[in-house]
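Inspection log for the structure reproduced underneath, given as structure tokens.
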Amino acid sequence: MNISIIGGGAWGTTLAQALSDNGNKVLIRDINEDFIKKINNEHLHPFFDIKIPESIKATSRLGEAVAFSDIIVLCVPTKAMRKVLTDIAFAITTKKLFVNVSKGIEPDTSKRVSEIVEEVIDKKYIKGYVALSGPSHAEELILRKATALVSASKDEELAKEVQKIFSNEKYLRVYTSDDVIGVETGGAIKNAIAIVSGVANGMGLGENARALLITRGIKEIVSIVVALGGKMETAYGLSGIGDLIVTASSMNSRNFQCGLKIGQGMSVDEATNSIAQSVEGIRAIIAGHEIGIKYKLDLPIIDTAYRVVNNELNAKDALQELLSRSLKEEHYW
Ligand SMILES: NC(=O)c1ccc[n+]([C@@H]2O[C@H](COP(=O)([O-])OP(=O)(O)OC[C@H]3O[C@@H](n4cnc5c(N)ncnc54)[C@H](O)[C@@H]3O)[C@@H](O)[C@H]2O)c1
């Protein structure tokens, strides 16, 4: 089967390898000519310099990638998604299955990628939409280390189709779900908690604090998922707590790294600018805070992080505020 991947960075090219291992022909579209040369001429992953299958090809031409297959895997940072989809809307001539693997919420609108696809692509060209997400560092999957994802769609058959295309018995296992809102929201908001976990680490706090943040953080993710119409159990699955565990405790996570630098004293701008790839968790903090106001949610971690991001509070005072909140019973919801 032919598959088009839009965005050949760390994750897009890693998924290309898994799809190629599963017997598919993959064409990647990227705007970075150096990446394209590396993939086509040297058969190397553009970020990790690891050999990838020679059958994986790359192009800068969006029209060529869109025409190449009926499955369009969206893998650009969420802030670029609307522009990329607008360009796809001009190039598209047949129905496509859109598989979104990016994790984030659109800046300014706080929309999920499924909502952007619906707004930008003519209905007659949408065969369906699947969100594919879960605890997955590209650094591990590129080495074919065991990984699990969730394929979520309102259309059960399409969720199963994507499950089959991406799964293999060697290292990649995909589950299905009907909860697109839950999977997309969990995958985006966990980045907010990952930043806070990094801040705590940067301030010299230990694993006790990390466990505290992951556990109380998932409660906030659940509140947001449910407020937006997703299911609580999705937030407790791979795309919620699973992804939070992997992101909030690993140097492979750019969101964790960004938080770490803030905790060590860098400003938010200095920390985000020091990381080459896009850090989607800052936007997730802002979106989480805004959603909290809209739905009147109790989100102490995200709301405090918002004030740090907004330069109203430093990390040390933020910790003090969180610890001095009134004592209460433990509720998981
Ligand atoms: N890296 C991971 O381990 C991982 C795992 C799961 C999901 N994700 C998600 O996948 C998405 C992409 O992450 P990544 O790690 O591959 O990022 P990346 O920065 O490595 O790659 C993004 C790619 O998108 C391209 N791009 C950027 N802006 C563009 C634009 N305006 N138009 C067209 N192309 C553009 C870039 O050239 C780059 O190659 C993110 O939403 C991320 O959260 C990443």
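To be explicit about the labels: the chains of the structure tokens are called A, B, and onward in the order shown, and within each one the residues are counted from 1, while ligands get numbers from 1 in the order they are shown.
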- Tell me, which residues of region 104-271 of chain A carry DSSP strand (DSSP E), written as a PyMOL selection string? chain A and resi 126-133+147-152+172-177
Just to be explicit: take each residue in the selection above, keep C-alpha atoms, and write the result as a JSON list (two decimals), in the first residue's frame.
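Okay, result13.json is ready:
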[["chain", "number", "residue", "atom", "x", "y", "z"],
["A", 126, "ILE", "CA", -12.48, 13.25, 3.54],
["A", 127, "LYS", "CA", -12.84, 9.47, 3.64],
["A", 128, "GLY", "CA", -12.37, 9.63, 7.39],
["A", 129, "TYR", "CA", -10.20, 10.79, 10.26],
["A", 130, "VAL", "CA", -8.08, 8.81, 12.70],
["A", 131, "ALA", "CA", -6.00, 10.12, 15.61],
["A", 132, "LEU", "CA", -2.99, 7.88, 16.27],
["A", 133, "SER", "CA", -1.31, 8.64, 19.58],
["A", 147, "THR", "CA", 5.82, 0.60, 21.48],
["A", 148, "ALA", "CA", 2.01, 0.79, 21.72],
["A", 149, "LEU", "CA", -0.33, 3.39, 20.22],
["A", 150, "VAL", "CA", -4.09, 4.00, 20.05],
["A", 151, "SER", "CA", -5.94, 4.42, 16.75],
["A", 152, "ALA", "CA", -9.07, 6.48, 17.44],
["A", 172, "LEU", "CA", 4.57, -1.96, 17.26],
["A", 173, "ARG", "CA", 1.16, -2.75, 18.75],
["A", 174, "VAL", "CA", -1.87, -0.57, 18.05],
["A", 175, "TYR", "CA", -5.15, -0.59, 19.99],
["A", 176, "THR", "CA", -8.39, 0.95, 18.73],
["A", 177, "SER", "CA", -10.75, 3.46, 20.32]]
All residues within 6 Å of ligand 1 are required, counting only C-alpha atoms and all ligand atoms; please report them as a PDB file with C-alpha atoms, in the first residue's frame.
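Written out: part-v1.pdb:
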ATOM      1  CA  GLY A   7       6.218  16.203   7.816  1.00  0.00           C
ATOM      2  CA  GLY A   8       9.447  14.208   7.758  1.00  0.00           C
ATOM      3  CA  GLY A   9      10.965  15.239  11.068  1.00  0.00           C
ATOM      4  CA  ALA A  10      11.786  13.047  14.060  1.00  0.00           C
ATOM      5  CA  TRP A  11       8.396  11.327  14.258  1.00  0.00           C
ATOM      6  CA  GLY A  12       7.319  11.314  10.612  1.00  0.00           C
ATOM      7  CA  ASP A  30       8.986  17.953   3.996  1.00  0.00           C
ATOM      8  CA  ILE A  31       9.974  21.585   3.468  1.00  0.00           C
ATOM      9  CA  ASN A  32      13.543  21.053   4.648  1.00  0.00           C
ATOM     10  CA  CYS A  75       2.994  14.911  11.173  1.00  0.00           C
ATOM     11  CA  VAL A  76       3.866  18.595  11.311  1.00  0.00           C
ATOM     12  CA  PRO A  77       3.763  20.615  14.545  1.00  0.00           C
ATOM     13  CA  THR A  78       0.198  21.696  15.333  1.00  0.00           C
ATOM     14  CA  ALA A  80       1.778  24.626  11.170  1.00  0.00           C
ATOM     15  CA  VAL A  84      -0.332  22.658   5.634  1.00  0.00           C
ATOM     16  CA  VAL A 101      -0.072  11.731  14.604  1.00  0.00           C
ATOM     17  CA  SER A 102       0.823  15.227  15.836  1.00  0.00           C
ATOM     18  CA  LYS A 103       0.099  16.094  19.451  1.00  0.00           C
ATOM     19  CA  GLY A 104      -1.016  19.560  20.174  1.00  0.00           C
ATOM     20  CA  SER A 136       6.111   6.925  21.922  1.00  0.00           C
ATOM     21  CA  HIS A 137       9.535   8.487  21.690  1.00  0.00           C
ATOM     22  CA  ALA A 138      10.848   8.521  18.132  1.00  0.00           C
ATOM     23  CA  GLN A 277      12.190  21.180  17.642  1.00  0.00           C
ATOM     24  CA  SER A 278       8.819  22.682  18.489  1.00  0.00           C
TER      25      SER A 278
END
Would you pick out the contacts of Leu143 (chain A) at 12 Å or less, using only C-alpha atoms, so that residues sharing its chain but fewer than 5 positions from it are not included, and give the list as a CSV table (one decimal) with N, CA, C and O atoms, in the first residue's frame?
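Listing of selection31.csv after writing:
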chain,number,residue,atom,x,y,z
A,14,THR,N,10.4,8.4,11.5
A,14,THR,CA,10.4,7.1,12.3
A,14,THR,C,9.1,6.3,11.9
A,14,THR,O,9.3,5.0,11.8
A,15,LEU,N,8.0,6.9,11.8
A,15,LEU,CA,6.8,6.1,11.4
A,15,LEU,C,7.0,5.6,10.0
A,15,LEU,O,6.5,4.5,9.7
A,17,GLN,N,9.6,4.4,8.7
A,17,GLN,CA,10.3,3.1,8.8
A,17,GLN,C,9.4,2.0,9.3
A,17,GLN,O,9.5,0.9,8.7
A,18,ALA,N,8.5,2.3,10.3
A,18,ALA,CA,7.6,1.2,10.7
A,18,ALA,C,6.7,0.8,9.6
A,18,ALA,O,6.5,-0.4,9.3
A,45,HIS,N,17.9,8.7,8.7
A,45,HIS,CA,16.9,9.5,9.4
A,45,HIS,C,17.5,10.9,9.6
A,45,HIS,O,18.6,11.0,10.1
A,48,PHE,N,18.3,11.5,13.6
A,48,PHE,CA,19.1,10.5,14.4
A,48,PHE,C,20.3,9.9,13.6
A,48,PHE,O,21.0,9.1,14.2
A,49,ASP,N,20.4,10.2,12.3
A,49,ASP,CA,21.5,9.7,11.5
A,49,ASP,C,21.5,8.2,11.6
A,49,ASP,O,22.6,7.6,11.6
A,50,ILE,N,20.4,7.6,11.6
A,50,ILE,CA,20.3,6.1,11.7
A,50,ILE,C,19.8,5.6,10.3
A,50,ILE,O,19.0,6.3,9.7
A,51,LYS,N,20.4,4.5,9.8
A,51,LYS,CA,20.0,4.0,8.5
A,51,LYS,C,18.5,3.7,8.4
A,51,LYS,O,18.0,3.0,9.4
A,52,ILE,N,17.8,4.1,7.4
A,52,ILE,CA,16.4,3.8,7.2
A,52,ILE,C,16.3,3.0,5.9
A,52,ILE,O,17.2,3.1,5.0
A,136,SER,N,5.2,7.3,23.0
A,136,SER,CA,6.1,6.9,21.9
A,136,SER,C,7.2,8.0,21.7
A,136,SER,O,6.9,9.0,21.1
A,137,HIS,N,8.4,7.6,22.1
A,137,HIS,CA,9.5,8.5,21.7
A,137,HIS,C,10.1,8.0,20.4
A,137,HIS,O,10.4,6.8,20.2
A,138,ALA,N,10.3,8.9,19.4
A,138,ALA,CA,10.8,8.5,18.1
A,138,ALA,C,12.2,7.8,18.3
A,138,ALA,O,12.6,6.9,17.6
A,170,LYS,N,6.4,-7.5,15.7
A,170,LYS,CA,7.8,-7.4,16.3
A,170,LYS,C,8.0,-6.3,17.3
A,170,LYS,O,8.6,-6.5,18.3
A,171,TYR,N,7.4,-5.1,17.0
A,171,TYR,CA,7.7,-4.0,18.0
A,171,TYR,C,6.6,-3.0,18.1
A,171,TYR,O,6.7,-2.1,18.9
A,172,LEU,N,5.6,-3.0,17.2
A,172,LEU,CA,4.6,-2.0,17.3
A,172,LEU,C,3.2,-2.5,17.4
A,172,LEU,O,2.7,-3.3,16.5
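Compared by their closest atoms to Ala91 (chain A), and using only C-alpha atoms, the residues A:Ala159, A:Ala67, A:Ile72, A:Val196 rank with A:Ala67 nearest.
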Show me a table, sorted first by chain and then by increasing residue number, of the residues of region 153-240 of chain A having an atom at most 10 Å from region 253-261 of chain A, each with its shortest atom pair and the distance in Å to one decimal, counting only C-alpha atoms and written as a Markdown table.
| residue | atom | partner | partner_atom | distance |
| --- | --- | --- | --- | --- |
| A:Lys190 | CA | A:Asn255 | CA | 9.6 |
| A:Asn191 | CA | A:Asn255 | CA | 6.2 |
| A:Ala192 | CA | A:Asn255 | CA | 7.8 |
| A:Ile193 | CA | A:Phe256 | CA | 8.7 |
| A:Ala194 | CA | A:Phe256 | CA | 5.1 |
| A:Ile195 | CA | A:Gly259 | CA | 4.3 |
| A:Val196 | CA | A:Gly259 | CA | 5.9 |
| A:Ser197 | CA | A:Phe256 | CA | 6.5 |
| A:Gly198 | CA | A:Gly259 | CA | 4.1 |
| A:Val199 | CA | A:Gly259 | CA | 4.2 |
| A:Ala200 | CA | A:Leu260 | CA | 7.2 |
| A:Asn201 | CA | A:Leu260 | CA | 5.9 |
| A:Gly202 | CA | A:Leu260 | CA | 4.2 |
| A:Met203 | CA | A:Leu260 | CA | 7.7 |
| A:Gly204 | CA | A:Leu260 | CA | 9.5 |
Write to file, as a compact mmCIF listing (two decimals), in the first residue's frame, the residues of the selection just made, with N, CA, C and O atoms.
# COMPACT_ATOMS: atom_id res chain seq x y z
N LYS A 190 -1.08 16.42 28.03
CA LYS A 190 0.01 15.81 28.84
C LYS A 190 1.31 16.58 28.67
O LYS A 190 2.17 16.57 29.55
N ASN A 191 1.48 17.27 27.53
CA ASN A 191 2.70 18.06 27.34
C ASN A 191 2.81 19.19 28.35
O ASN A 191 3.90 19.62 28.71
N ALA A 192 1.65 19.70 28.80
CA ALA A 192 1.65 20.77 29.81
C ALA A 192 2.23 20.22 31.12
O ALA A 192 3.09 20.85 31.75
N ILE A 193 1.76 19.04 31.51
CA ILE A 193 2.24 18.46 32.78
C ILE A 193 3.71 18.04 32.64
O ILE A 193 4.48 18.11 33.59
N ALA A 194 4.10 17.62 31.42
CA ALA A 194 5.50 17.23 31.20
C ALA A 194 6.43 18.42 31.43
O ALA A 194 7.51 18.28 32.00
N ILE A 195 6.00 19.60 31.00
CA ILE A 195 6.82 20.80 31.24
C ILE A 195 6.95 21.04 32.74
O ILE A 195 8.05 21.29 33.25
N VAL A 196 5.83 20.94 33.46
CA VAL A 196 5.86 21.20 34.90
C VAL A 196 6.78 20.16 35.59
O VAL A 196 7.56 20.51 36.49
N SER A 197 6.71 18.92 35.14
CA SER A 197 7.57 17.88 35.71
C SER A 197 9.04 18.22 35.46
O SER A 197 9.89 18.04 36.34
N GLY A 198 9.34 18.75 34.28
CA GLY A 198 10.71 19.18 33.97
C GLY A 198 11.13 20.33 34.87
O GLY A 198 12.27 20.36 35.35
N VAL A 199 10.22 21.27 35.11
CA VAL A 199 10.54 22.41 35.97
C VAL A 199 10.93 21.90 37.36
O VAL A 199 11.94 22.30 37.94
N ALA A 200 10.11 20.97 37.88
CA ALA A 200 10.38 20.41 39.22
C ALA A 200 11.76 19.76 39.26
O ALA A 200 12.54 19.96 40.20
N ASN A 201 12.08 19.02 38.18
CA ASN A 201 13.38 18.36 38.11
C ASN A 201 14.50 19.40 38.07
O ASN A 201 15.51 19.26 38.77
N GLY A 202 14.30 20.43 37.29
CA GLY A 202 15.30 21.49 37.16
C GLY A 202 15.53 22.23 38.47
O GLY A 202 16.60 22.77 38.71
N MET A 203 14.49 22.26 39.31
CA MET A 203 14.63 22.94 40.61
C MET A 203 15.27 22.03 41.65
O MET A 203 15.41 22.40 42.82
N GLY A 204 15.60 20.81 41.24
CA GLY A 204 16.28 19.89 42.15
C GLY A 204 15.33 19.01 42.94
O GLY A 204 15.75 18.29 43.84
- When DSSP works through the backbone of this structure, what residues of region 38-244 of chain A end up as alpha helix (DSSP H), shown as a ChimeraX atom specification? /A:62-68,78-91,113-120,138-141,156-166,180-202,207-227,232-235,243-244
- Atom pair CA of Gly182 (chain A) / CA of Gly237 (chain A): separation (Å): 9.7 Å
- Message: Please list as a PyMOL selection string every residue within 7 Å of Ile285 (chain A), counting only C-alpha atoms and excluding residues in the same chain fewer than 6 positions away.
- Response: chain A and resi 192+302+305-306
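Remark: for Asn22 (chain A), the closest of the candidate residues A:Lys164, A:Lys145, A:Lys38, A:Arg82 is A:Lys164 (distances computed over only C-alpha atoms).
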